[in-house]
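Trainee: Next comes entry17.txt, compact mmCIF, N, CA, C and O atoms:
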# COMPACT_ATOMS: atom_id res chain seq x y z
N MET A 1 80.53 103.91 117.04
CA MET A 1 80.84 104.94 116.08
C MET A 1 81.26 104.28 114.76
O MET A 1 82.06 103.38 114.74
N ALA A 2 80.71 104.77 113.68
CA ALA A 2 81.02 104.21 112.37
C ALA A 2 82.45 104.55 111.98
O ALA A 2 83.01 105.56 112.41
N LYS A 3 83.03 103.71 111.12
CA LYS A 3 84.41 103.90 110.69
C LYS A 3 84.58 105.24 109.97
O LYS A 3 85.55 105.94 110.18
N GLN A 4 83.61 105.62 109.13
CA GLN A 4 83.70 106.88 108.39
C GLN A 4 83.74 108.06 109.35
O GLN A 4 84.50 108.99 109.15
N GLU A 5 82.91 108.03 110.41
CA GLU A 5 82.91 109.11 111.39
C GLU A 5 84.27 109.22 112.07
O GLU A 5 84.77 110.31 112.30
N LEU A 6 84.88 108.11 112.38
CA LEU A 6 86.18 108.09 113.03
C LEU A 6 87.23 108.66 112.09
O LEU A 6 88.06 109.47 112.49
N ASN A 7 87.19 108.29 110.81
CA ASN A 7 88.15 108.81 109.84
C ASN A 7 88.00 110.32 109.67
O ASN A 7 88.98 111.03 109.56
N ASP A 8 86.76 110.83 109.61
CA ASP A 8 86.54 112.26 109.46
C ASP A 8 87.09 113.02 110.67
O ASP A 8 87.63 114.10 110.53
N LYS A 9 86.96 112.44 111.86
CA LYS A 9 87.45 113.06 113.07
C LYS A 9 88.97 113.18 113.06
O LYS A 9 89.52 114.14 113.58
N ASN A 10 89.66 112.22 112.47
CA ASN A 10 91.11 112.20 112.47
C ASN A 10 91.72 112.84 111.22
O ASN A 10 92.92 112.86 111.06
N LYS A 11 90.89 113.36 110.33
CA LYS A 11 91.39 114.00 109.11
C LYS A 11 91.97 115.37 109.49
O LYS A 11 91.32 116.15 110.18
N ILE A 12 93.18 115.63 109.04
CA ILE A 12 93.79 116.91 109.38
C ILE A 12 93.86 117.80 108.15
O ILE A 12 93.95 117.34 107.02
N THR A 13 93.85 119.10 108.39
CA THR A 13 93.90 120.08 107.31
C THR A 13 95.36 120.36 106.93
O THR A 13 96.29 119.98 107.64
N GLU A 14 95.51 121.08 105.83
CA GLU A 14 96.85 121.47 105.39
C GLU A 14 97.52 122.38 106.43
O GLU A 14 98.71 122.25 106.70
N ASP A 15 96.74 123.27 107.05
CA ASP A 15 97.29 124.14 108.10
C ASP A 15 97.76 123.31 109.29
O ASP A 15 98.83 123.58 109.87
N GLU A 16 96.98 122.32 109.68
CA GLU A 16 97.37 121.46 110.80
C GLU A 16 98.62 120.66 110.45
O GLU A 16 99.50 120.47 111.30
N LEU A 17 98.73 120.23 109.20
CA LEU A 17 99.94 119.53 108.76
C LEU A 17 101.15 120.46 108.86
O LEU A 17 102.21 120.05 109.34
N ASP A 18 100.98 121.70 108.44
CA ASP A 18 102.08 122.67 108.55
C ASP A 18 102.50 122.87 110.01
O ASP A 18 103.68 122.93 110.32
N VAL A 19 101.51 122.94 110.90
CA VAL A 19 101.81 123.08 112.33
C VAL A 19 102.57 121.85 112.83
O VAL A 19 103.53 121.98 113.59
N MET A 20 102.17 120.67 112.38
CA MET A 20 102.86 119.44 112.81
C MET A 20 104.32 119.45 112.35
O MET A 20 105.21 119.02 113.10
N TRP A 21 104.59 119.95 111.14
CA TRP A 21 105.97 120.01 110.67
C TRP A 21 106.78 121.02 111.48
O TRP A 21 107.95 120.79 111.78
N LEU A 22 106.16 122.14 111.86
CA LEU A 22 106.86 123.11 112.71
C LEU A 22 107.21 122.48 114.06
O LEU A 22 108.32 122.65 114.56
N ILE A 23 106.26 121.76 114.63
CA ILE A 23 106.48 121.09 115.91
C ILE A 23 107.58 120.04 115.77
O ILE A 23 108.45 119.92 116.65
N HIS A 24 107.57 119.32 114.69
CA HIS A 24 108.60 118.32 114.42
C HIS A 24 110.00 118.97 114.42
O HIS A 24 110.94 118.44 114.98
N ASN A 25 110.09 120.15 113.79
CA ASN A 25 111.38 120.83 113.67
C ASN A 25 111.79 121.60 114.92
O ASN A 25 112.99 121.74 115.18
N ASP A 26 110.81 122.12 115.69
CA ASP A 26 111.14 122.91 116.88
C ASP A 26 110.00 122.82 117.89
O ASP A 26 109.10 123.65 117.89
N PRO A 27 110.02 121.82 118.77
CA PRO A 27 108.93 121.62 119.74
C PRO A 27 108.75 122.79 120.71
O PRO A 27 107.69 122.93 121.30
N LYS A 28 109.77 123.64 120.87
CA LYS A 28 109.67 124.76 121.80
C LYS A 28 109.15 126.04 121.15
O LYS A 28 109.02 127.06 121.80
N MET A 29 108.84 125.98 119.86
CA MET A 29 108.34 127.15 119.14
C MET A 29 107.03 127.62 119.77
O MET A 29 106.15 126.81 120.08
N THR A 30 106.91 128.92 119.97
CA THR A 30 105.68 129.46 120.56
C THR A 30 104.59 129.55 119.50
O THR A 30 104.86 129.51 118.30
N GLN A 31 103.37 129.71 119.98
CA GLN A 31 102.25 129.87 119.05
C GLN A 31 102.44 131.11 118.20
O GLN A 31 102.14 131.10 117.00
N ARG A 32 102.94 132.17 118.77
CA ARG A 32 103.17 133.41 118.02
C ARG A 32 104.22 133.18 116.93
O ARG A 32 104.07 133.65 115.80
N GLU A 33 105.28 132.45 117.26
CA GLU A 33 106.30 132.13 116.26
C GLU A 33 105.73 131.26 115.15
O GLU A 33 106.06 131.45 113.96
N MET A 34 104.86 130.31 115.52
CA MET A 34 104.21 129.48 114.51
C MET A 34 103.35 130.34 113.59
O MET A 34 103.38 130.17 112.36
N ALA A 35 102.58 131.24 114.18
CA ALA A 35 101.71 132.11 113.40
C ALA A 35 102.52 132.96 112.43
O ALA A 35 102.18 133.07 111.24
N ASP A 36 103.61 133.55 112.91
CA ASP A 36 104.47 134.36 112.05
C ASP A 36 105.10 133.53 110.94
O ASP A 36 105.16 133.96 109.79
N SER A 37 105.55 132.34 111.28
CA SER A 37 106.20 131.47 110.31
C SER A 37 105.26 131.04 109.18
O SER A 37 105.66 130.96 108.03
N LEU A 38 104.01 130.78 109.53
CA LEU A 38 103.04 130.27 108.55
C LEU A 38 102.15 131.36 107.95
O LEU A 38 101.38 131.09 107.04
N GLY A 39 102.24 132.57 108.50
CA GLY A 39 101.38 133.64 108.00
C GLY A 39 99.93 133.46 108.39
O GLY A 39 99.02 133.86 107.67
N LEU A 40 99.71 132.81 109.53
CA LEU A 40 98.35 132.58 110.03
C LEU A 40 98.13 133.41 111.28
O LEU A 40 99.08 133.87 111.92
N SER A 41 96.88 133.57 111.66
CA SER A 41 96.58 134.30 112.89
C SER A 41 96.91 133.44 114.11
O SER A 41 96.95 132.20 114.02
N LEU A 42 97.11 134.09 115.22
CA LEU A 42 97.38 133.39 116.47
C LEU A 42 96.19 132.50 116.85
O LEU A 42 96.36 131.37 117.31
N GLY A 43 94.99 133.00 116.61
CA GLY A 43 93.79 132.21 116.88
C GLY A 43 93.71 130.95 116.04
O GLY A 43 93.29 129.90 116.53
N LYS A 44 94.11 131.04 114.77
CA LYS A 44 94.11 129.87 113.88
C LYS A 44 95.11 128.83 114.38
O LYS A 44 94.83 127.62 114.37
N ILE A 45 96.29 129.28 114.82
CA ILE A 45 97.30 128.36 115.35
C ILE A 45 96.75 127.67 116.60
O ILE A 45 96.87 126.45 116.75
N ASN A 46 96.13 128.45 117.47
CA ASN A 46 95.56 127.87 118.69
C ASN A 46 94.50 126.85 118.36
O ASN A 46 94.44 125.76 118.95
N TYR A 47 93.66 127.16 117.37
CA TYR A 47 92.62 126.22 116.93
C TYR A 47 93.24 124.93 116.40
O TYR A 47 92.80 123.83 116.74
N CYS A 48 94.28 125.06 115.56
CA CYS A 48 94.96 123.88 115.00
C CYS A 48 95.57 123.03 116.10
O CYS A 48 95.44 121.80 116.10
N LEU A 49 96.25 123.68 117.05
CA LEU A 49 96.88 122.93 118.14
C LEU A 49 95.85 122.19 118.97
O LEU A 49 96.04 121.02 119.31
N ASN A 50 94.75 122.86 119.29
CA ASN A 50 93.70 122.20 120.07
C ASN A 50 93.11 121.01 119.32
O ASN A 50 92.84 119.97 119.93
N ALA A 51 92.92 121.15 118.02
CA ALA A 51 92.38 120.05 117.22
C ALA A 51 93.36 118.87 117.20
O ALA A 51 92.96 117.71 117.32
N LEU A 52 94.66 119.17 117.08
CA LEU A 52 95.68 118.11 117.05
C LEU A 52 95.81 117.41 118.41
O LEU A 52 96.05 116.20 118.46
N VAL A 53 95.67 118.16 119.48
CA VAL A 53 95.69 117.55 120.82
C VAL A 53 94.46 116.67 120.99
O VAL A 53 94.56 115.54 121.49
N LYS A 54 93.31 117.15 120.53
CA LYS A 54 92.05 116.42 120.71
C LYS A 54 92.08 115.05 120.03
O LYS A 54 91.57 114.08 120.59
N VAL A 55 92.70 114.96 118.84
CA VAL A 55 92.75 113.66 118.16
C VAL A 55 93.98 112.84 118.56
O VAL A 55 94.17 111.73 118.08
N GLY A 56 94.82 113.40 119.43
CA GLY A 56 95.95 112.64 119.95
C GLY A 56 97.20 112.66 119.09
O GLY A 56 98.07 111.81 119.25
N PHE A 57 97.30 113.63 118.16
CA PHE A 57 98.47 113.70 117.30
C PHE A 57 99.62 114.47 117.93
O PHE A 57 100.78 114.30 117.57
N ILE A 58 99.31 115.35 118.88
CA ILE A 58 100.36 116.03 119.64
C ILE A 58 99.97 116.01 121.11
O ILE A 58 98.80 115.83 121.45
N LYS A 59 100.97 116.16 121.95
CA LYS A 59 100.69 116.33 123.36
C LYS A 59 101.40 117.59 123.83
O LYS A 59 102.38 118.04 123.21
N LEU A 60 100.91 118.14 124.88
CA LEU A 60 101.37 119.42 125.37
C LEU A 60 102.02 119.23 126.73
O LEU A 60 101.48 118.55 127.59
N GLY A 61 103.18 119.81 126.91
CA GLY A 61 103.86 119.75 128.20
C GLY A 61 104.38 121.11 128.59
O GLY A 61 104.62 121.96 127.76
N ASN A 62 104.54 121.32 129.86
CA ASN A 62 105.11 122.58 130.36
C ASN A 62 106.61 122.45 130.46
O ASN A 62 107.14 121.39 130.74
N PHE A 63 107.31 123.53 130.23
CA PHE A 63 108.73 123.59 130.52
C PHE A 63 109.04 124.97 131.04
O PHE A 63 108.34 125.93 130.77
N GLN A 64 110.07 125.08 131.82
CA GLN A 64 110.44 126.34 132.44
C GLN A 64 111.32 127.12 131.48
O GLN A 64 112.44 126.72 131.20
N LYS A 65 110.82 128.23 130.94
CA LYS A 65 111.60 129.08 130.04
C LYS A 65 112.51 130.01 130.84
O LYS A 65 113.64 130.25 130.47
N SER A 66 111.97 130.55 131.89
CA SER A 66 112.75 131.38 132.79
C SER A 66 112.13 131.25 134.17
O SER A 66 111.14 130.56 134.34
N LYS A 67 112.70 131.91 135.15
CA LYS A 67 112.18 131.77 136.50
C LYS A 67 110.76 132.34 136.64
O LYS A 67 110.02 131.92 137.50
N SER A 68 110.41 133.28 135.79
CA SER A 68 109.11 133.92 135.93
C SER A 68 108.09 133.49 134.87
O SER A 68 106.95 133.89 134.93
N LYS A 69 108.50 132.71 133.90
CA LYS A 69 107.58 132.32 132.83
C LYS A 69 107.55 130.81 132.66
O LYS A 69 108.55 130.15 132.75
N ILE A 70 106.36 130.32 132.37
CA ILE A 70 106.23 128.90 132.02
C ILE A 70 105.78 128.86 130.57
O ILE A 70 104.85 129.55 130.17
N GLY A 71 106.45 128.08 129.78
CA GLY A 71 106.10 127.95 128.37
C GLY A 71 105.53 126.58 128.10
O GLY A 71 105.27 125.80 129.02
N TYR A 72 105.35 126.29 126.85
CA TYR A 72 104.80 125.01 126.45
C TYR A 72 105.77 124.30 125.52
O TYR A 72 106.51 124.92 124.78
N LEU A 73 105.73 123.01 125.58
CA LEU A 73 106.50 122.16 124.70
C LEU A 73 105.48 121.29 123.96
O LEU A 73 104.67 120.62 124.59
N TYR A 74 105.50 121.35 122.65
CA TYR A 74 104.58 120.56 121.84
C TYR A 74 105.34 119.36 121.30
O TYR A 74 106.40 119.51 120.72
N LEU A 75 104.79 118.17 121.51
CA LEU A 75 105.44 116.95 121.05
C LEU A 75 104.49 116.14 120.19
O LEU A 75 103.32 115.96 120.53
N LEU A 76 105.02 115.66 119.07
CA LEU A 76 104.24 114.74 118.24
C LEU A 76 104.18 113.39 118.94
O LEU A 76 105.19 112.89 119.42
N THR A 77 103.01 112.81 118.97
CA THR A 77 102.85 111.47 119.52
C THR A 77 103.23 110.47 118.42
O THR A 77 103.30 110.85 117.24
N PRO A 78 103.46 109.22 118.76
CA PRO A 78 103.72 108.22 117.71
C PRO A 78 102.60 108.20 116.67
O PRO A 78 102.85 108.10 115.47
N ARG A 79 101.38 108.33 117.12
CA ARG A 79 100.23 108.38 116.22
C ARG A 79 100.30 109.62 115.33
O ARG A 79 99.96 109.59 114.15
N GLY A 80 100.75 110.75 115.91
CA GLY A 80 100.89 111.98 115.16
C GLY A 80 101.98 111.91 114.11
O GLY A 80 101.83 112.43 113.00
N ILE A 81 103.08 111.25 114.45
CA ILE A 81 104.18 111.07 113.50
C ILE A 81 103.70 110.26 112.30
O ILE A 81 103.95 110.62 111.15
N LYS A 82 102.98 109.19 112.58
CA LYS A 82 102.45 108.34 111.51
C LYS A 82 101.47 109.13 110.64
O LYS A 82 101.53 109.08 109.41
N ALA A 83 100.58 109.89 111.27
CA ALA A 83 99.59 110.68 110.53
C ALA A 83 100.27 111.74 109.68
O ALA A 83 99.88 111.97 108.54
N LYS A 84 101.31 112.39 110.23
CA LYS A 84 102.03 113.42 109.51
C LYS A 84 102.65 112.85 108.24
O LYS A 84 102.55 113.45 107.16
N LEU A 85 103.24 111.69 108.35
CA LEU A 85 103.85 111.07 107.18
C LEU A 85 102.81 110.64 106.15
O LEU A 85 102.99 110.85 104.94
N GLU A 86 101.72 110.06 106.62
CA GLU A 86 100.66 109.62 105.70
C GLU A 86 100.02 110.81 104.97
O GLU A 86 99.80 110.76 103.76
N VAL A 87 99.74 111.86 105.71
CA VAL A 87 99.11 113.03 105.11
C VAL A 87 100.08 113.72 104.15
O VAL A 87 99.69 114.19 103.09
N THR A 88 101.35 113.77 104.50
CA THR A 88 102.35 114.37 103.62
C THR A 88 102.44 113.60 102.31
O THR A 88 102.47 114.20 101.23
N LYS A 89 102.46 112.28 102.40
CA LYS A 89 102.50 111.46 101.17
C LYS A 89 101.26 111.71 100.32
O LYS A 89 101.36 111.87 99.10
N ARG A 90 100.09 111.75 100.96
CA ARG A 90 98.84 111.99 100.24
C ARG A 90 98.83 113.39 99.61
O ARG A 90 98.43 113.57 98.46
N PHE A 91 99.32 114.38 100.35
CA PHE A 91 99.39 115.75 99.85
C PHE A 91 100.30 115.82 98.63
O PHE A 91 99.94 116.43 97.61
N LEU A 92 101.48 115.19 98.70
CA LEU A 92 102.41 115.20 97.57
C LEU A 92 101.82 114.49 96.35
O LEU A 92 101.98 114.94 95.21
N LYS A 93 101.14 113.40 96.59
CA LYS A 93 100.51 112.67 95.49
C LYS A 93 99.45 113.54 94.81
O LYS A 93 99.39 113.61 93.58
N ASN A 94 98.62 114.22 95.61
CA ASN A 94 97.59 115.09 95.05
C ASN A 94 98.20 116.25 94.28
O ASN A 94 97.71 116.62 93.21
N LYS A 95 99.27 116.83 94.80
CA LYS A 95 99.94 117.93 94.11
C LYS A 95 100.55 117.45 92.79
O LYS A 95 100.52 118.17 91.80
N GLN A 96 101.09 116.25 92.78
CA GLN A 96 101.65 115.71 91.55
C GLN A 96 100.55 115.50 90.50
O GLN A 96 100.74 115.81 89.32
N LEU A 97 99.39 115.01 90.94
CA LEU A 97 98.26 114.83 90.03
C LEU A 97 97.78 116.17 89.48
O LEU A 97 97.49 116.28 88.28
N GLU A 98 97.73 117.19 90.33
CA GLU A 98 97.34 118.53 89.89
C GLU A 98 98.35 119.06 88.86
O GLU A 98 97.96 119.64 87.84
N TYR A 99 99.62 118.89 89.16
CA TYR A 99 100.67 119.34 88.25
C TYR A 99 100.53 118.64 86.90
O TYR A 99 100.58 119.29 85.85
N ASP A 100 100.38 117.33 86.92
CA ASP A 100 100.26 116.56 85.67
C ASP A 100 99.05 117.03 84.86
O ASP A 100 99.13 117.17 83.63
N LYS A 101 97.95 117.29 85.54
CA LYS A 101 96.74 117.74 84.86
C LYS A 101 96.96 119.10 84.21
O LYS A 101 96.62 119.31 83.04
N LEU A 102 97.56 120.04 84.94
CA LEU A 102 97.83 121.36 84.39
C LEU A 102 98.85 121.29 83.25
O LEU A 102 98.71 121.97 82.24
N TYR A 103 99.85 120.47 83.40
CA TYR A 103 100.86 120.29 82.36
C TYR A 103 100.22 119.79 81.07
O TYR A 103 100.52 120.29 79.98
N ASN A 104 99.32 118.82 81.21
CA ASN A 104 98.61 118.29 80.04
C ASN A 104 97.73 119.33 79.37
O ASN A 104 97.65 119.39 78.15
N TYR A 105 97.05 120.17 80.18
CA TYR A 105 96.23 121.23 79.61
C TYR A 105 97.07 122.20 78.78
O TYR A 105 96.68 122.63 77.70
N LEU A 106 98.23 122.56 79.33
CA LEU A 106 99.10 123.54 78.66
C LEU A 106 99.77 122.98 77.41
O LEU A 106 100.13 123.74 76.51
N ASN A 107 99.96 121.67 77.36
CA ASN A 107 100.69 121.07 76.25
C ASN A 107 99.81 120.31 75.28
O ASN A 107 100.31 119.53 74.49
N GLU A 108 98.52 120.55 75.30
CA GLU A 108 97.63 119.87 74.35
C GLU A 108 97.63 120.58 73.01
O GLU A 108 97.84 121.71 72.85
Can you dump the structure from the file as structure tokens?

Mentor:
Amino acid sequence: MAKQELNDKNKITEDELDVMWLIHNDPKMTQREMADSLGLSLGKINYCLNALVKVGFIKLGNFQKSKSKIGYLYLLTPRGIKAKLEVTKRFLKNKQLEYDKLYNYLNE
């Protein structure tokens, strides 16, 4: 597999980054709570989680919520933690460049 193909496979979206930050802050958060928090559909959250599991950025575990229900625990993997930080830095850098560009347009 070419290096570019591998990089494209591991590229995460802004929505997936948001999901990773939610998991970082509360690994026991349900998909419905994630959807409500981010204003996304439940299906979109499920899609993001599956994509993050597939590339190895999060792992999924069961935990007992009550005697009659089994829930899920989402955990960032070491690889996921590294990716989250790298993508966050890149996102902030891009936003700063956008801000600078707009600022220059307005002040010319």

Trainee: Could you please determine the separation between atom C of Thr30 in chain A and atom N of Cys48 in chain A in Å, to one decimal place?

Mentor: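 Computing the Euclidean distance for atom C of Thr30 in chain A and atom N of Cys48 in chain A yields 11.9 Å.
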
Trainee: To one decimal in Å, tell me the separation between atom C of Lys101 in chain A and atom C of Lys89 in chain A.

Mentor: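 It comes out at 18.2 Å.
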
Trainee: If you measure from CA of His24 in chain A to CA of Leu49 in chain A, what distance in Å do you get, rounded to one decimal?

Mentor: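 Computing it gives 13.1 Å between the two atoms.
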
Trainee: Would you please work out which residue, of A:Arg32, A:Leu42, A:Tyr47, A:Ala83, is nearest to Lys11 in chain A when using only C-alpha atoms?

Mentor: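 Among the listed residues, A:Ala83 lies closest to Lys11 in chain A.
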
Trainee: List the spatial neighbours of Phe57 in chain A as JSON, numbers by chain - criterion: any atom at most 5 Å away, only N, CA, C and O atoms, same-chain residues fewer than 5 positions off excluded.

Mentor: {"A": [52, 75, 76, 77, 79, 80, 81]}

Trainee: Just the alpha helix (DSSP H) stuff from chain A, please, per backbone DSSP, written as number ranges by chain.

Mentor: A: 3-10, 14-25, 31-38, 42-54, 78-106

Trainee: If you run DSSP on the backbone here, which positions in chain A get strand (DSSP E or B)? Please write them as a list in words.

Mentor: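 Output for chain A, strand (DSSP E or B) only: Ile58, Lys59, Leu60, Gly61, Asn62, Phe63, Gln64, Ile70, Gly71, Tyr72, Leu73, Tyr74, Leu75 and Leu76 of chain A.
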
Trainee: As a VMD selection string, please: the residues near Gly61 in chain A (cut-off 7 Å, only N, CA, C and O atoms, same-chain neighbours under 3 positions excluded).

Mentor: chain A and resid 71 to 75

Trainee: Taking all atoms listed in the file into account, name the residue in A:Gly56, A:Ala51, A:Asn46, A:Lys84 that is nearest to Met20 in chain A.

Mentor: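 Once distances to Met20 in chain A are computed over all atoms listed in the file, the minimum belongs to A:Lys84.
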
Trainee: Would you please work out which residue, of A:Lys95, A:Lys28, A:Lys44, A:Lys82, is nearest to Asp15 in chain A when using only C-alpha atoms?

Mentor: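 Distance minimum relative to Asp15 in chain A lands on A:Lys44.
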